[in-house]
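Engineer: Pasting a structure here, questions to come.
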Amino acid sequence: MENLIQYLDGPYDKNNAILSLHAGAGGTDAQDWTEMLLRMYQRFAEKKKWKVFLINESRGGEAGIKSATLEIVGPYAYGLLKSEAGVHRLVRISPFDAEKMRHTSFALVDVLPEIPEPKIEIKDKDLKIETFRASAKGGQNVQKVETAVRITHLPTKITVTCQAERSQHQNKERALKILKSKLYQFEKAKKEEEKEKIRGHVPPASWGYQIRSYILHPYKMVKDHRTNYKEDDPQKVLDGELEKFIEAYLKKND
């Protein structure tokens, strides 16, 4: 990573990252694709020896996940992962299609820096706090008590859900921490009229908006459309080998 630090001089680049994934167009295939990306980022973080906390996960009905949020704790986590924000496109023979047809799926990745102890006041009357039972893979309830917490900031409609911890109190604390980071950025962007520079434009997860394509059929290739950098071994990339893509992005945007 040493050769990349020279490109990581942004105000939040040294911070931890909050990475969210959302299944886009493509039905069950898109949900399966979103879970594949979740694994890819977990593997990348493991290679970096970062700590990864699964804050929230919404499982798909048949397979995969509809959405998930990770807190990634490590030096320069945001600076390195900010290049992953955008729509990721997968082309493959669908394992869910009995006719073995080629399918295209999309998933949206959103990356935010974690702001430690942001100086922002949240009024109790502006919060809607809901509790529910935390769920695991398959939809079964993990606990009989409502430990999971969903907090909605009513003025901005920003919502954070956390079910990673064992107690409702711990989940509430973690959710509030993430909410404060999101509100800090929201207010800063609003004041400076540069919301897209901080959080990035959030495009629909569908055709025409992809930043990177992962082709598994009829040939094998992963190509980043912003830098034109490509790899001919998709499995290596899906196993967390992202450094070359990140390096190409950082150099181009230096």
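Residues in the structure tokens are named by chain (A, B, ... in the order shown) and by number from 1 within that chain; ligands are numbered from 1 in the order shown.
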Could you go through region 54-144 of chain A and tell me which residues DSSP, when run on the backbone, assigns to strand (DSSP E or B), listing them as number ranges by chain?
Structural biologist: A: 54-59, 65-73, 86-93, 102-113, 127-132, 135, 141
Engineer: Distance CA of Ile211 (chain A)-CA of Lys230 (chain A), one decimal place?
Structural biologist: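 Taking CA of Ile211 (chain A) and CA of Lys230 (chain A), their separation equals 12.1 Å.
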Engineer: Apply DSSP to the structure's backbone, then extract all residues of region 44-183 of chain A labelled alpha helix (DSSP H) and return them as a list in words.
Structural biologist: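 Those residues are Phe44, Ala45, Glu46, Lys47, Ala77, Tyr78, Gly79, Leu80, Leu81, Gln168, His169, Gln170, Asn171, Lys172, Glu173, Arg174, Ala175, Leu176, Lys177, Ile178, Leu179, Lys180, Ser181, Lys182 and Leu183 of chain A.
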Engineer: Using only N, CA and C atoms, please write the residues we just selected to a file, as an mmCIF file, in the first residue's frame.
Structural biologist:
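This went into out12.cif:
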```cif
data_model
loop_
_atom_site.group_PDB
_atom_site.id
_atom_site.type_symbol
_atom_site.label_atom_id
_atom_site.label_comp_id
_atom_site.auth_asym_id
_atom_site.auth_seq_id
_atom_site.Cartn_x
_atom_site.Cartn_y
_atom_site.Cartn_z
ATOM 1 N N PHE A 44 -10.953 -8.695 0.431
ATOM 2 C CA PHE A 44 -9.993 -7.604 0.255
ATOM 3 C C PHE A 44 -9.573 -7.052 1.612
ATOM 4 N N ALA A 45 -10.551 -6.854 2.501
ATOM 5 C CA ALA A 45 -10.261 -6.333 3.838
ATOM 6 C C ALA A 45 -9.391 -7.304 4.628
ATOM 7 N N GLU A 46 -9.652 -8.595 4.491
ATOM 8 C CA GLU A 46 -8.835 -9.606 5.176
ATOM 9 C C GLU A 46 -7.378 -9.525 4.721
ATOM 10 N N LYS A 47 -7.177 -9.346 3.405
ATOM 11 C CA LYS A 47 -5.819 -9.242 2.874
ATOM 12 C C LYS A 47 -5.098 -8.017 3.438
ATOM 13 N N ALA A 77 -8.760 2.934 4.984
ATOM 14 C CA ALA A 77 -9.841 2.099 4.446
ATOM 15 C C ALA A 77 -10.716 2.908 3.482
ATOM 16 N N TYR A 78 -11.100 4.115 3.883
ATOM 17 C CA TYR A 78 -11.938 4.922 2.981
ATOM 18 C C TYR A 78 -11.164 5.351 1.744
ATOM 19 N N GLY A 79 -9.928 5.783 1.935
ATOM 20 C CA GLY A 79 -9.140 6.260 0.801
ATOM 21 C C GLY A 79 -8.984 5.213 -0.285
ATOM 22 N N LEU A 80 -8.828 3.962 0.112
ATOM 23 C CA LEU A 80 -8.657 2.892 -0.873
ATOM 24 C C LEU A 80 -9.993 2.421 -1.440
ATOM 25 N N LEU A 81 -11.015 2.400 -0.617
ATOM 26 C CA LEU A 81 -12.297 1.843 -1.068
ATOM 27 C C LEU A 81 -13.221 2.849 -1.749
ATOM 28 N N GLN A 168 -29.694 -4.660 22.330
ATOM 29 C CA GLN A 168 -30.348 -3.518 21.692
ATOM 30 C C GLN A 168 -29.563 -2.240 21.956
ATOM 31 N N HIS A 169 -29.023 -2.105 23.148
ATOM 32 C CA HIS A 169 -28.263 -0.905 23.498
ATOM 33 C C HIS A 169 -27.029 -0.753 22.609
ATOM 34 N N GLN A 170 -26.291 -1.851 22.407
ATOM 35 C CA GLN A 170 -25.095 -1.807 21.568
ATOM 36 C C GLN A 170 -25.435 -1.490 20.121
ATOM 37 N N ASN A 171 -26.521 -2.087 19.619
ATOM 38 C CA ASN A 171 -26.946 -1.808 18.244
ATOM 39 C C ASN A 171 -27.369 -0.355 18.086
ATOM 40 N N LYS A 172 -28.033 0.191 19.095
ATOM 41 C CA LYS A 172 -28.455 1.594 19.039
ATOM 42 C C LYS A 172 -27.245 2.513 19.007
ATOM 43 N N GLU A 173 -26.235 2.216 19.843
ATOM 44 C CA GLU A 173 -25.029 3.042 19.872
ATOM 45 C C GLU A 173 -24.310 3.030 18.526
ATOM 46 N N ARG A 174 -24.180 1.838 17.926
ATOM 47 C CA ARG A 174 -23.479 1.733 16.645
ATOM 48 C C ARG A 174 -24.270 2.434 15.540
ATOM 49 N N ALA A 175 -25.588 2.269 15.555
ATOM 50 C CA ALA A 175 -26.435 2.920 14.545
ATOM 51 C C ALA A 175 -26.342 4.437 14.656
ATOM 52 N N LEU A 176 -26.330 4.957 15.874
ATOM 53 C CA LEU A 176 -26.216 6.407 16.072
ATOM 54 C C LEU A 176 -24.857 6.919 15.590
ATOM 55 N N LYS A 177 -23.825 6.134 15.806
ATOM 56 C CA LYS A 177 -22.484 6.512 15.358
ATOM 57 C C LYS A 177 -22.450 6.662 13.840
ATOM 58 N N ILE A 178 -23.031 5.698 13.132
ATOM 59 C CA ILE A 178 -23.064 5.757 11.671
ATOM 60 C C ILE A 178 -23.966 6.889 11.200
ATOM 61 N N LEU A 179 -25.092 7.084 11.888
ATOM 62 C CA LEU A 179 -26.005 8.163 11.523
ATOM 63 C C LEU A 179 -25.311 9.519 11.644
ATOM 64 N N LYS A 180 -24.532 9.696 12.702
ATOM 65 C CA LYS A 180 -23.822 10.962 12.879
ATOM 66 C C LYS A 180 -22.836 11.205 11.733
ATOM 67 N N SER A 181 -22.164 10.149 11.284
ATOM 68 C CA SER A 181 -21.240 10.291 10.158
ATOM 69 C C SER A 181 -21.977 10.714 8.900
ATOM 70 N N LYS A 182 -23.121 10.085 8.668
ATOM 71 C CA LYS A 182 -23.898 10.418 7.470
ATOM 72 C C LYS A 182 -24.442 11.838 7.546
ATOM 73 N N LEU A 183 -24.902 12.252 8.718
ATOM 74 C CA LEU A 183 -25.445 13.604 8.867
ATOM 75 C C LEU A 183 -24.339 14.651 8.753
#
```
Engineer: Give me, as a JSON list (two decimals) with C-alpha atoms, in the first residue's frame, all polymer residues having an atom no more than 8 Å from His225 (chain A), counting only C-alpha atoms and skipping those fewer than 5 positions away in the same chain.
Structural biologist:
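The result, stored in out_25.json:
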```
[["chain", "number", "residue", "atom", "x", "y", "z"],
["A", 210, "GLN", "CA", -21.81, 0.82, -14.47],
["A", 211, "ILE", "CA", -18.29, 1.74, -13.38],
["A", 212, "ARG", "CA", -16.99, -1.81, -13.79],
["A", 213, "SER", "CA", -18.06, -4.93, -15.69]]
```
Engineer: I'd like to know which of A:His88, A:Arg59, A:Lys119, A:Lys188 is closest to Ala134 (chain A), using only C-alpha atoms.
Structural biologist: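 Residue with the minimum atom-to-atom distance to Ala134 (chain A): A:Arg59.
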Engineer: Tell me which protein, DNA and RNA residues are within 7 Å of Leu21 (chain A), counting only C-alpha atoms, leaving out same-chain ones fewer than 4 positions away, and put them as JSON, numbers by chain.
Structural biologist: {"A": [34, 67, 68, 69, 107, 108, 109, 110]}
Engineer: Could you save those same residues with N, CA and C atoms as a short mmCIF file (atom, residue, chain, number, x, y, z; two decimals), in the first residue's frame?
Structural biologist:
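File produced: result_12.cif:
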```cif
data_model
loop_
_atom_site.label_atom_id
_atom_site.label_comp_id
_atom_site.auth_asym_id
_atom_site.auth_seq_id
_atom_site.Cartn_x
_atom_site.Cartn_y
_atom_site.Cartn_z
N THR A 34 -24.86 -9.41 -5.56
CA THR A 34 -24.58 -8.52 -4.45
C THR A 34 -23.86 -9.27 -3.33
N SER A 67 -29.51 -6.21 0.41
CA SER A 67 -28.63 -5.11 0.80
C SER A 67 -27.79 -5.54 2.00
N ALA A 68 -26.70 -4.85 2.21
CA ALA A 68 -25.83 -5.11 3.35
C ALA A 68 -24.97 -3.88 3.61
N THR A 69 -24.57 -3.72 4.86
CA THR A 69 -23.69 -2.61 5.24
C THR A 69 -22.53 -3.16 6.07
N ALA A 107 -25.43 -4.28 -9.29
CA ALA A 107 -25.44 -4.00 -7.85
C ALA A 107 -24.79 -2.63 -7.63
N LEU A 108 -25.29 -1.90 -6.65
CA LEU A 108 -24.77 -0.58 -6.33
C LEU A 108 -23.92 -0.65 -5.07
N VAL A 109 -22.73 -0.07 -5.14
CA VAL A 109 -21.84 0.01 -3.98
C VAL A 109 -21.73 1.48 -3.57
N ASP A 110 -21.95 1.74 -2.30
CA ASP A 110 -21.85 3.10 -1.76
C ASP A 110 -20.80 3.09 -0.66
#
```
Engineer: Extract, using only C-alpha atoms, all DNA, RNA and protein residues at most 6 Å from region 100-104 of chain A, discarding same-chain residues fewer than 5 positions from it, and format them as a list in words.
Structural biologist: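 The neighbour list is Leu90, Val91, Arg92, Ile93 and Ser94 of chain A.
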Engineer: Could you tell me how far CA of Ala23 (chain A) sits from CA of Ala63 (chain A), in Å to one decimal place?
Structural biologist: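 Between these atoms lies a distance of 11.7 Å.
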Engineer: Choose the residue, out of A:Trp50, A:Tyr219, A:Tyr214, A:Tyr76, that has the smallest atom-to-atom separation from Val237 (chain A); count only C-alpha atoms.
Structural biologist: A:Tyr214
Engineer: Could you please determine the separation between CA of Gln31 (chain A) and CA of Phe245 (chain A) in Å, to one decimal place?
Structural biologist: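 Pair CA of Gln31 (chain A) / CA of Phe245 (chain A) returns 23.5 Å.
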